[in-house]
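K.L.:
Structure in structure tokens, see below.
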Amino acid sequence: GNSVTQMEGPVTLSEEAFLTINCTYTATGYPSLFWYVQYPGEGLQLLLKATKADDKGSNKGFEATYRKETTSFHLEKGSVQVSDSAVYFCALRSGFQKLVFGTGTRLLVSP
Amino acid sequence: NAGVTQTPKFQVLKTGQSMTLQCAQDMNHEYMSWYRQDPGMGLRLIHYSVGAGITDQGEVPNGYNVSRSTTEDFPLRLLSAAPSQTSVYFCASSPQQGKDHEQYFGPGTRLTVT
């Protein structure tokens with residue numbers, strides 16, 4: 001079945017540091033890939049998505065590229081801010097199947 | 001648009017009690033779903049619906065019932081609450097079921113069963 005594996009957290013960074021959160025997947029067919037973000041006490045919000053191989057999703061300075069050859073969708077940001085502190089979820093959806101989430105990675109950014 | 005709304009925000013139940021978590025969306029979305037979020041386990045799908053009158057089970061359906069009598073509403077019923085159902089519950093919707101459609105999440109209901 002489909003599955004998503006994310007790096008375990010927490011990831012602790014200083015403000016303005018470079019961020020990478022790794023995500024790899026296993027899926028049948030040609031899934032769409034998503035990154036969702038959950039701020040404290042809130043629901044999940046879509047951060048970015050990519051629907052086919054080599055697509056790059058981007059939003060709010062975050063980027064992720066759909067790499068079919070390595071089955072990866074790593075999240076990156078060049079310079080993190082304290083306000084980026086949140087839990088980040090990688091997810092995939094294949095065909096008409098359900099959305100499958102990774103376990104989430106908590107990011108803590110200190111001033 | 002209000003998006004996806006959930007009530008209540010917090011709830012404490014005693015073991016054996018029943019209750020209904022409410023979910024509504026005003027985006028005319030066909031697809032709606034319920035997830036539970038537990039530490040270290042990500043989000044797990046409880047039940048989902050591809051349209052009014054149609055529901056199906058997700059990966060953790062036991063102890064929960066759903067119905068979809070209108071496009072807008074998708075309530076989740078706990079029949080006899082157990083401590084294992086202590087969790088944060090999220091409702092989500094998307095325009096359709098297809099793979100390119102993102103899901104829009106409600107703010108969640110934090111449930112504690114004692």
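Identifiers in this document derive from the order of the structure tokens: chains are assigned A, B, ..., residues are numbered from 1 separately in each chain, and ligands are numbered from 1 in order of occurrence.
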If we count only C-alpha atoms, what is near segment 35-41 of chain A at a cut-off of 10 Å, once residues fewer than 2 positions away on the same chain are taken out, given as an NGL selection string?
P.N.:
(:A and (23 or 33 or 43-50 or 57-58 or 62-64 or 73-75 or 83-92 or 101-102 or 104-106)) or (:B and (102-103 or 107-108 or 110))
K.L.:
Extract, using only C-alpha atoms, all DNA, RNA and protein residues at most 8 Å from segment 70-79 of chain B, discarding same-chain residues fewer than 6 positions from it, and format them as a list in words.
P.N.:
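Final neighbour list, sorted by chain and number: Gly16, Gln17, Ser18, Met19, Thr20, Leu21, Gln22, Cys23, Ala24, Gln25, Asp26, Asn28, His29, Glu30, Met32, Ser33, Trp34, Gly51, Ala52, Gly53, Gly63 and Tyr64 of chain B.
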K.L.:
Using C-alpha atoms, can you export the residues from the last selection as a compact mmCIF listing (two decimals), in the first residue's frame?
P.N.:
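So the final result, stored in out-v8.txt, reads:
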# COMPACT_ATOMS: atom_id res chain seq x y z
CA GLY B 16 -19.58 4.66 27.90
CA GLN B 17 -21.10 8.02 27.03
CA SER B 18 -22.05 8.83 23.45
CA MET B 19 -21.70 12.06 21.57
CA THR B 20 -21.62 13.59 18.09
CA LEU B 21 -18.82 15.72 16.71
CA GLN B 22 -20.19 18.20 14.20
CA CYS B 23 -18.55 19.14 10.91
CA ALA B 24 -19.83 21.49 8.23
CA GLN B 25 -18.37 23.04 5.08
CA ASP B 26 -19.73 25.81 2.88
CA ASN B 28 -19.93 22.73 -1.89
CA HIS B 29 -17.27 20.03 -1.65
CA GLU B 30 -18.24 16.48 -2.55
CA MET B 32 -15.45 14.85 3.27
CA SER B 33 -13.47 12.86 5.79
CA TRP B 34 -12.71 12.42 9.47
CA GLY B 51 -21.06 12.61 -1.69
CA ALA B 52 -24.41 12.92 0.04
CA GLY B 53 -25.77 9.51 0.99
CA GLY B 63 -16.37 2.68 17.56
CA TYR B 64 -17.43 5.45 15.18
K.L.:
Hey, can you check how far atom CA of Thr20 of chain A sits from atom CA of Gly1 of chain A?
P.N.:
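So the two atoms, atom CA of Thr20 of chain A and atom CA of Gly1 of chain A, lie 26.3 Å apart.
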K.L.:
Report as a list of chain:residue names all protein, DNA and RNA residues lying within 7 Å of Gly78 of chain A, evaluated on only C-alpha atoms, omitting residues in the same chain fewer than 2 positions from it.
P.N.:
A:Ala17, A:Phe18, A:Leu19, A:Glu76, A:Val80
K.L.:
Per DSSP on the backbone, filter segment 35-70 of chain A down to the residues in strand (DSSP E or B) and report them as a PyMOL selection string.
P.N.:
chain A and resi 35-38+44-50+56-59+62-65+67
K.L.:
Can I get the residues of chain B within 9 Å of chain A, each with the closest pair of atoms and their distance in Å to one decimal, using only C-alpha atoms, sorted chain first then ascending number, as a Markdown table?
P.N.:
| residue | atom | partner | partner_atom | distance |
| --- | --- | --- | --- | --- |
| B:Pro39 | CA | A:Thr103 | CA | 8.4 |
| B:Gly40 | CA | A:Thr103 | CA | 5.9 |
| B:Met41 | CA | A:Thr103 | CA | 5.2 |
| B:Gly42 | CA | A:Thr103 | CA | 3.8 |
| B:Leu43 | CA | A:Phe101 | CA | 6.2 |
| B:Arg44 | CA | A:Phe101 | CA | 7.8 |
| B:Leu45 | CA | A:Lys98 | CA | 8.1 |
| B:Tyr48 | CA | A:Lys98 | CA | 8.8 |
| B:Gly58 | CA | A:Lys98 | CA | 8.2 |
| B:Phe90 | CA | A:Gly43 | CA | 7.2 |
| B:Gln97 | CA | A:Phe96 | CA | 5.6 |
| B:Gly98 | CA | A:Phe96 | CA | 5.0 |
| B:Lys99 | CA | A:Arg93 | CA | 5.0 |
| B:Asp100 | CA | A:Ser32 | CA | 5.9 |
| B:His101 | CA | A:Ser32 | CA | 8.7 |
| B:Glu102 | CA | A:Leu46 | CA | 7.2 |
| B:Gln103 | CA | A:Leu46 | CA | 7.7 |
| B:Tyr104 | CA | A:Gln45 | CA | 6.9 |
| B:Phe105 | CA | A:Leu44 | CA | 5.7 |
| B:Gly106 | CA | A:Gly43 | CA | 5.7 |
| B:Pro107 | CA | A:Gly43 | CA | 4.3 |
| B:Gly108 | CA | A:Gly43 | CA | 5.9 |
